[in-house]
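Coordinates from query15.cif are shown below (mmCIF, C-alpha atoms and all ligand atoms).
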data_target
loop_
_atom_site.label_atom_id
_atom_site.label_comp_id
_atom_site.auth_asym_id
_atom_site.auth_seq_id
_atom_site.Cartn_x
_atom_site.Cartn_y
_atom_site.Cartn_z
CA MET A 1 102.90 106.72 128.25
CA SER A 2 103.78 107.11 124.58
CA LEU A 3 102.64 104.38 122.26
CA LEU A 4 105.42 105.28 119.84
CA GLU A 5 108.71 106.96 120.60
CA VAL A 6 111.05 107.68 117.70
CA THR A 7 114.45 108.99 118.77
CA SER A 8 117.25 110.54 116.71
CA LEU A 9 116.77 108.52 113.54
CA ASP A 10 119.31 108.74 110.74
CA VAL A 11 118.22 106.76 107.67
CA LEU A 12 120.22 106.30 104.48
CA TYR A 13 119.72 104.90 101.00
CA GLY A 14 123.29 103.87 100.22
CA ASP A 15 125.32 107.07 100.45
CA PHE A 16 122.27 109.30 100.41
CA GLN A 17 120.98 110.35 103.81
CA ALA A 18 117.19 110.77 103.77
CA LEU A 19 116.53 111.39 107.49
CA PHE A 20 118.64 113.34 109.98
CA ASP A 21 118.16 113.08 113.73
CA VAL A 22 114.38 112.63 113.48
CA SER A 23 112.46 112.31 116.74
CA LEU A 24 108.75 112.25 117.47
CA SER A 25 106.38 110.73 119.94
CA LEU A 26 102.76 109.69 119.77
CA PRO A 27 100.56 109.06 122.80
CA GLU A 28 98.10 106.13 122.93
CA ASN A 29 94.86 106.76 121.02
CA SER A 30 96.26 109.87 119.40
CA SER A 31 97.07 110.90 115.88
CA LEU A 32 99.77 112.95 114.29
CA ALA A 33 99.88 114.66 110.93
CA LEU A 34 103.21 114.26 109.15
CA VAL A 35 103.65 116.91 106.48
CA GLY A 36 106.40 118.16 104.21
CA ALA A 37 107.19 118.73 100.56
CA ASN A 38 107.89 115.95 98.08
CA GLY A 39 111.14 114.23 98.99
CA ALA A 40 111.12 115.53 102.59
CA GLY A 41 111.37 111.99 103.96
CA LYS A 42 107.79 111.21 105.05
CA THR A 43 107.57 107.82 103.34
CA THR A 44 111.06 106.92 104.55
CA LEU A 45 110.02 107.67 108.13
CA LEU A 46 106.85 105.56 107.91
CA ARG A 47 108.79 102.71 106.30
CA THR A 48 111.40 102.89 109.06
CA ILE A 49 108.71 102.71 111.75
CA ALA A 50 107.15 99.73 109.93
CA GLY A 51 110.55 98.01 109.75
CA ALA A 52 110.98 98.12 105.99
CA MET A 53 114.13 100.25 106.43
CA THR A 54 116.84 99.94 109.05
CA PRO A 55 118.07 103.19 110.57
CA ALA A 56 121.81 103.88 110.69
CA ARG A 57 121.26 105.51 114.06
CA GLY A 58 118.41 106.07 116.48
CA ARG A 59 115.58 104.03 117.95
CA VAL A 60 111.96 103.14 117.34
CA VAL A 61 110.27 102.19 120.61
CA PHE A 62 106.71 100.86 120.42
CA ASP A 63 104.69 100.27 123.56
CA GLY A 64 107.88 100.40 125.61
CA ALA A 65 109.82 97.88 123.51
CA ASP A 66 112.80 98.77 121.32
CA LEU A 67 112.05 97.43 117.83
CA LYS A 68 115.69 97.12 116.83
CA ASN A 69 116.11 93.95 114.74
CA SER A 70 112.36 93.36 114.69
CA PRO A 71 111.38 92.51 111.08
CA PRO A 72 108.26 94.02 109.48
CA HIS A 73 106.04 90.97 110.07
CA HIS A 74 106.83 91.02 113.79
CA ARG A 75 105.88 94.67 113.91
CA VAL A 76 102.54 93.84 112.30
CA ARG A 77 102.05 91.30 115.08
CA GLU A 78 102.87 93.99 117.61
CA GLY A 79 100.19 96.20 116.07
CA ILE A 80 101.91 98.45 113.53
CA ALA A 81 100.24 98.52 110.11
CA LEU A 82 101.37 100.54 107.09
CA VAL A 83 98.99 101.68 104.37
CA PRO A 84 101.63 102.31 101.71
CA GLU A 85 101.83 105.10 99.21
CA GLY A 86 100.24 103.88 95.97
CA ARG A 87 98.08 101.26 97.75
CA ARG A 88 100.02 98.23 96.48
CA LEU A 89 97.11 95.83 96.09
CA PHE A 90 97.34 92.50 94.30
CA PRO A 91 95.53 93.43 91.06
CA SER A 92 94.33 89.94 90.19
CA LEU A 93 92.91 89.21 93.65
CA THR A 94 89.44 90.40 94.61
CA ALA A 95 88.87 93.21 97.09
CA GLU A 96 88.02 90.67 99.78
CA GLU A 97 91.06 88.48 99.03
CA ASN A 98 93.30 91.54 99.31
CA ILE A 99 91.79 92.31 102.72
CA LEU A 100 92.34 88.72 103.86
CA VAL A 101 96.04 89.06 102.97
CA GLY A 102 96.18 91.55 105.83
CA ALA A 103 94.62 89.02 108.19
CA VAL A 104 97.48 86.54 107.75
CA ARG A 105 99.37 88.00 110.70
CA ALA A 106 96.27 89.13 112.52
CA ARG A 107 96.27 89.95 116.20
CA PRO A 108 93.42 88.80 118.41
CA SER A 109 91.91 92.28 118.15
CA ALA A 110 91.83 92.12 114.34
CA TRP A 111 88.84 93.43 112.48
CA ARG A 112 86.67 90.74 110.90
CA LEU A 113 85.11 91.11 107.46
CA PRO A 114 81.58 92.02 108.65
CA GLN A 115 83.00 94.81 110.82
CA ILE A 116 85.11 96.04 107.93
CA TYR A 117 82.15 96.10 105.58
CA GLU A 118 80.18 98.03 108.14
CA VAL A 119 82.71 100.89 108.22
CA PHE A 120 83.41 100.59 104.47
CA PRO A 121 80.06 100.01 102.73
CA LEU A 122 81.95 101.07 99.61
CA ILE A 123 83.92 97.81 99.73
CA ALA A 124 80.97 95.64 100.67
CA ARG A 125 79.49 96.45 97.27
CA CYS A 126 82.60 95.46 95.31
CA ARG A 127 84.06 92.74 97.53
CA ASN A 128 84.14 90.13 94.75
CA ARG A 129 85.59 92.39 92.09
CA ARG A 130 89.26 92.13 91.19
CA ALA A 131 91.36 94.97 92.58
CA ALA A 132 92.52 95.97 89.10
CA LEU A 133 88.92 96.86 88.23
CA LEU A 134 88.20 99.00 91.29
CA SER A 135 88.09 102.80 91.28
CA GLY A 136 90.86 104.72 93.02
CA GLY A 137 88.66 105.37 96.04
CA GLU A 138 87.65 101.73 96.31
CA GLN A 139 91.29 100.65 96.04
CA GLN A 140 92.31 103.04 98.80
CA ALA A 141 89.50 101.80 101.04
CA VAL A 142 90.67 98.22 100.43
CA ALA A 143 94.25 99.20 101.30
CA ILE A 144 93.07 100.67 104.61
CA ALA A 145 90.82 97.68 105.26
CA ARG A 146 93.74 95.31 104.61
CA ALA A 147 95.66 97.15 107.36
CA LEU A 148 92.67 96.92 109.73
CA ALA A 149 92.48 93.19 109.12
CA SER A 150 95.74 92.83 111.08
CA GLY A 151 94.20 94.56 114.12
CA PRO A 152 96.55 97.54 114.33
CA ARG A 153 97.12 99.75 117.35
CA LEU A 154 99.03 102.16 115.14
CA LEU A 155 98.05 102.89 111.54
CA LEU A 156 100.62 104.54 109.29
CA LEU A 157 98.77 106.17 106.40
CA ASP A 158 100.84 107.38 103.45
CA GLU A 159 99.06 109.89 101.21
CA ILE A 160 95.72 108.17 101.13
CA SER A 161 94.04 111.08 99.31
CA LEU A 162 96.41 111.14 96.37
CA GLY A 163 94.50 111.27 93.10
CA LEU A 164 91.05 110.89 94.68
CA ALA A 165 88.03 113.15 94.27
CA PRO A 166 87.38 115.40 97.31
CA ALA A 167 84.03 113.72 98.07
CA ILE A 168 85.73 110.32 98.22
CA VAL A 169 88.46 111.71 100.47
CA ASP A 170 85.78 113.15 102.78
CA GLY A 171 84.33 109.67 103.12
CA LEU A 172 87.73 108.13 103.93
CA TYR A 173 88.41 110.80 106.55
CA ASP A 174 85.02 110.17 108.18
CA THR A 175 86.02 106.54 108.46
CA LEU A 176 89.41 107.47 109.95
CA ALA A 177 87.65 109.62 112.54
CA SER A 178 85.58 106.64 113.65
CA LEU A 179 88.70 104.46 113.83
CA ARG A 180 90.37 107.05 116.06
CA GLU A 181 87.31 107.11 118.30
CA ALA A 182 87.63 103.34 118.55
CA GLY A 183 91.19 103.87 119.87
CA THR A 184 93.46 103.35 116.86
CA ALA A 185 96.47 105.66 116.88
CA MET A 186 97.61 107.08 113.55
CA ILE A 187 100.35 108.86 111.72
CA LEU A 188 98.82 110.51 108.72
CA VAL A 189 100.91 111.72 105.79
CA GLU A 190 98.77 114.21 103.91
CA GLN A 191 99.52 116.88 101.29
CA ASP A 192 96.42 118.90 102.14
CA LEU A 193 97.54 120.93 105.17
CA ASP A 194 94.06 122.00 106.21
CA ARG A 195 92.80 118.45 106.17
CA ALA A 196 95.88 117.23 108.07
CA LEU A 197 95.57 119.88 110.79
CA ALA A 198 91.83 119.32 111.15
CA ALA A 199 92.22 115.55 111.46
CA CYS A 200 95.09 115.37 113.98
CA PRO A 201 95.79 117.04 117.34
CA SER A 202 99.48 117.43 116.54
CA VAL A 203 101.63 118.06 113.53
CA VAL A 204 105.24 117.34 112.58
CA CYS A 205 106.79 118.93 109.51
CA LEU A 206 109.84 117.52 107.74
CA LEU A 207 112.11 119.56 105.53
CA GLU A 208 114.88 117.78 103.63
CA GLY A 209 114.95 114.97 106.15
CA ARG A 210 114.85 117.07 109.32
CA VAL A 211 112.05 117.90 111.73
CA VAL A 212 111.52 121.65 111.40
CA LEU A 213 108.24 121.91 113.28
CA SER A 214 106.53 119.80 115.93
CA ALA A 215 103.50 121.31 117.63
CA PRO A 216 99.87 120.88 118.65
CA SER A 217 97.57 121.61 115.70
CA GLU A 218 95.26 123.71 117.76
CA GLY A 219 96.32 127.31 117.81
CA ILE A 220 99.15 126.93 115.34
CA ALA A 221 99.11 129.50 112.55
CA ARG A 222 98.68 127.88 109.16
CA ASP A 223 101.31 130.33 107.80
CA ASP A 224 103.87 128.95 110.26
CA VAL A 225 103.28 125.44 108.98
CA VAL A 226 103.54 126.65 105.39
CA ALA A 227 106.81 128.45 106.20
CA ALA A 228 108.21 125.28 107.80
CA TYR A 229 107.02 123.25 104.82
CA PHE A 230 108.87 125.42 102.32
CA GLY A 231 111.80 126.24 104.55
CA THR A 232 111.05 129.94 104.57
CA ALA A 233 110.61 130.24 108.35
CA SER A 234 112.73 133.06 109.75
N1 LIG A 301 114.78 103.82 97.10
C1 LIG A 301 115.42 104.99 97.19
N2 LIG A 301 116.72 105.11 96.84
C2 LIG A 301 117.38 106.29 96.94
N3 LIG A 301 116.82 107.42 97.39
C3 LIG A 301 115.54 107.37 97.76
C4 LIG A 301 114.77 106.16 97.67
N4 LIG A 301 113.51 106.42 98.11
C5 LIG A 301 113.51 107.72 98.43
N5 LIG A 301 114.71 108.29 98.22
C6 LIG A 301 115.07 109.68 98.48
O1 LIG A 301 114.90 109.94 99.85
C7 LIG A 301 114.34 111.22 100.05
C8 LIG A 301 113.06 111.09 100.84
O2 LIG A 301 112.10 110.40 100.06
P1 LIG A 301 110.67 110.04 100.60
O3 LIG A 301 110.79 109.46 101.96
O4 LIG A 301 110.00 109.22 99.56
O5 LIG A 301 110.00 111.48 100.70
P2 LIG A 301 108.46 111.92 100.77
O6 LIG A 301 107.66 110.71 101.09
O7 LIG A 301 108.41 112.96 101.83
O8 LIG A 301 108.13 112.48 99.41
C9 LIG A 301 114.16 111.84 98.66
O9 LIG A 301 115.26 112.66 98.39
C10 LIG A 301 114.14 110.63 97.76
O10 LIG A 301 114.63 110.97 96.49
MG MG A 302 106.09 109.82 100.12
#

Starting from the coordinates I provided, produce the structure as structure tokens.
Ligand SMILES: Nc1ncnc2c1ncn2[C@@H]1O[C@H](COP(=O)(O)OP(=O)(O)O)[C@@H](O)[C@H]1O
Ligand SMILES: [Mg+2]
Amino acid sequence: MSLLEVTSLDVLYGDFQALFDVSLSLPENSSLALVGANGAGKTTLLRTIAGAMTPARGRVVFDGADLKNSPPHHRVREGIALVPEGRRLFPSLTAEENILVGAVRARPSAWRLPQIYEVFPLIARCRNRRAALLSGGEQQAVAIARALASGPRLLLLDEISLGLAPAIVDGLYDTLASLREAGTAMILVEQDLDRALAACPSVVCLLEGRVVLSAPSEGIARDDVVAAYFGTAS
């Protein structure tokens, strides 16, 4: 059965429609790369799944339950955790305090601090430093750790590599791979197509708010994804 089933979503900001008839589905323990140019609607889709935006039409069904009218904090309880674009940490709190914020609505399966420090040795070293003083890579690791502290079954990751050095991004992706092995499903928004395709067994591409490609990553021609991305597919 699908863990997540998104059907025919229309999402608007006032008069401006950002998503048109968007559908996708994600099996348990799987991951999906969500790609598309700037402004394609990736963040809007993740925010709608997380409950931060209400669709004008369509449904988000998680683990068989329609999430209509379910506010964001209920969705966290159900196991949906968003790692937002730009990390959004509390700058004056320490790394560890930021992580504990994520534990406020923790599920029984939530990750505890020792477990988190085991997969993120990077954070263990700076746990008592204020978030404002952390490097970009450390901040991103804390943002992911904060999501893990709620015990998610589905992680929504919005451009985690933005502005980070490739070696740091490699480290984050290694950690994501171990989370997937442990059974956490993911939707990964990523600008780097090669990284996205390598990390996830399926890919969905948005163009101006519409799904223009939805396919298994294996065997898909990179050029076809690029054409979908730029809207130059024939
Ligand atoms: N708060 C907002 N108010 C109005 N329009 C918005 C807002 N946020 C995003 N948009 C618009 O919605 C579209 C999709 O944006 P977004 O989901 O952020 O795209 P992406 O994450 O793929 O770059 C864009 O045209 C963007 O300008
Ligand atoms: Mg975005």

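By only C-alpha atoms, and with residues fewer than 2 positions from Asp21 in chain A along its chain excluded, the set lying at most 9 Å from it is A:Thr7, A:Ser8, A:Leu9, A:Asp10, A:Val11, A:Leu19, A:Ser23, A:Arg57, A:Gly58, A:Gly209, A:Arg210, A:Val211.
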
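Near ligand MG 302 (chain A), at a distance of at most 10 Å and with all atoms listed in the file counted, sit the residues Val35, Gly36, Ala37, Asn38, Gly39, Ala40, Gly41, Lys42, Thr43, Thr44, Leu45, Leu46, Arg47, Pro84, Glu85, Gly86, Asp158, Glu159, Val189, Glu190 and Gln191 of chain A.
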
Keeping only C-alpha atoms, write the selected residues to a file as a short mmCIF file (atom, residue, chain, number, x, y, z; two decimals), keeping the file's coordinate frame.
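Contents of again08.cif, freshly written:
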data_model
loop_
_atom_site.label_atom_id
_atom_site.label_comp_id
_atom_site.auth_asym_id
_atom_site.auth_seq_id
_atom_site.Cartn_x
_atom_site.Cartn_y
_atom_site.Cartn_z
CA VAL A 35 103.65 116.91 106.48
CA GLY A 36 106.40 118.16 104.21
CA ALA A 37 107.19 118.73 100.56
CA ASN A 38 107.89 115.95 98.08
CA GLY A 39 111.14 114.23 98.99
CA ALA A 40 111.12 115.53 102.59
CA GLY A 41 111.37 111.99 103.96
CA LYS A 42 107.79 111.21 105.05
CA THR A 43 107.57 107.82 103.34
CA THR A 44 111.06 106.92 104.55
CA LEU A 45 110.02 107.67 108.13
CA LEU A 46 106.85 105.56 107.91
CA ARG A 47 108.79 102.71 106.30
CA PRO A 84 101.63 102.31 101.71
CA GLU A 85 101.83 105.10 99.21
CA GLY A 86 100.24 103.88 95.97
CA ASP A 158 100.84 107.38 103.45
CA GLU A 159 99.06 109.89 101.21
CA VAL A 189 100.91 111.72 105.79
CA GLU A 190 98.77 114.21 103.91
CA GLN A 191 99.52 116.88 101.29
#

Axis-aligned box over every listed atom of range 132-142 of chain A, padded by 8 Å per side: centre and edges in Å to one decimal, as AutoDock Vina command-line options?
--center_x 90.1 --center_y 100.7 --center_z 94.6 --size_x 20.9 --size_y 25.4 --size_z 28.8

For this session: One decimal, Å: what's the distance from CA of Asn128 in chain A over to CA of Met186 in chain A, could you say?
Result: 28.7 Å

For this session: Go through A:Lys68, A:Val22, A:Ser31, A:Val101 and flag the residue nearest Glu181 in chain A, using only C-alpha atoms for the distances.
Result: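 Nearest candidate to Glu181 in chain A out of A:Lys68, A:Val22, A:Ser31, A:Val101: A:Ser31.
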
For this session: For CA of Leu162 in chain A and CA of Gly136 in chain A, determine how far apart the two atoms are, in Å to one decimal place.
Result: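 CA of Leu162 in chain A sits 9.1 Å away from CA of Gly136 in chain A.
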
Could you name the residues that touch Leu32 in chain A at 8 Å or less, counting only C-alpha atoms, but leaving out those on the same chain fewer than 6 positions away, as a tab-separated table (two decimals) with C-alpha atoms, keeping the file's coordinate frame?
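Okay, result30.tsv is ready:
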chain	number	residue	atom	x	y	z
A	26	LEU	CA	102.76	109.69	119.77
A	186	MET	CA	97.61	107.08	113.55
A	187	ILE	CA	100.35	108.86	111.72
A	188	LEU	CA	98.82	110.51	108.72
A	200	CYS	CA	95.09	115.37	113.98
A	201	PRO	CA	95.79	117.04	117.34
A	202	SER	CA	99.48	117.43	116.54
A	203	VAL	CA	101.63	118.06	113.53
A	204	VAL	CA	105.24	117.34	112.58

For this session: State, in Å with one decimal place, the distance from CA of Gly151 in chain A to CA of Val83 in chain A.
Result: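 Computing the Euclidean distance for CA of Gly151 in chain A and CA of Val83 in chain A yields 13.0 Å.
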
Problem set entry | Nearest residue to Gln115 in chain A from the set A:Glu96, A:Val169, A:Leu12, A:Ala149 (distances using only C-alpha atoms) |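 Smallest separation from Gln115 in chain A among the options: A:Ala149.
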
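Nearest to ligand LIG 301 (chain A) of all the residues A:Ala199, A:Asp224, A:Glu208, A:Gly183 is A:Glu208, counting all atoms listed in the file.
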
For this session: Between A:Phe20, A:Phe62, A:Tyr173, A:Tyr229, single out the one closest to Ser2 in chain A, counting all atoms listed in the file.
Result: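 Closest candidate: A:Phe62.
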
Exercise. Using all atoms listed in the file, which residue out of A:Gly51, A:Val76, A:Val60, A:Arg87 lies closest to Leu157 in chain A?
Worked result: A:Arg87

Problem set entry | Option closest in space to ligand LIG 301 (chain A), from A:Leu155, A:Val104, A:Ala18, A:Val6 [counting only C-alpha atoms and all ligand atoms] |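 Distance minimum relative to ligand LIG 301 (chain A) lands on A:Ala18.
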
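The protein and nucleic acid residues lying at most 9 Å from Ser109 in chain A are Ala106, Arg107, Trp111, Ser150, Gly151 and Pro152 of chain A, with all atoms listed in the file considered and sequence neighbours fewer than 2 positions away removed.
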
Find the residues near Pro166 in chain A: any atom within 12 Å, counting only C-alpha atoms, skip ones fewer than 6 places away on the same chain, and give them as an mmCIF file with C-alpha atoms, in the frame of the given file.
data_model
loop_
_atom_site.group_PDB
_atom_site.id
_atom_site.type_symbol
_atom_site.label_atom_id
_atom_site.label_comp_id
_atom_site.auth_asym_id
_atom_site.auth_seq_id
_atom_site.Cartn_x
_atom_site.Cartn_y
_atom_site.Cartn_z
ATOM 1 C CA GLY A 137 88.660 105.370 96.040
ATOM 2 C CA ILE A 160 95.720 108.170 101.130
ATOM 3 C CA LEU A 172 87.730 108.130 103.930
ATOM 4 C CA TYR A 173 88.410 110.800 106.550
ATOM 5 C CA ASP A 192 96.420 118.900 102.140
ATOM 6 C CA ARG A 195 92.800 118.450 106.170
#

For this session: Within 12 Å of Pro114 in chain A, counting only C-alpha atoms, which residues show up once you throw out same-chain ones fewer than 3 positions away? Write them as a PyMOL selection string, please.
Result: chain A and resi 96+99+110-111+117-121+123-124+127+145+149
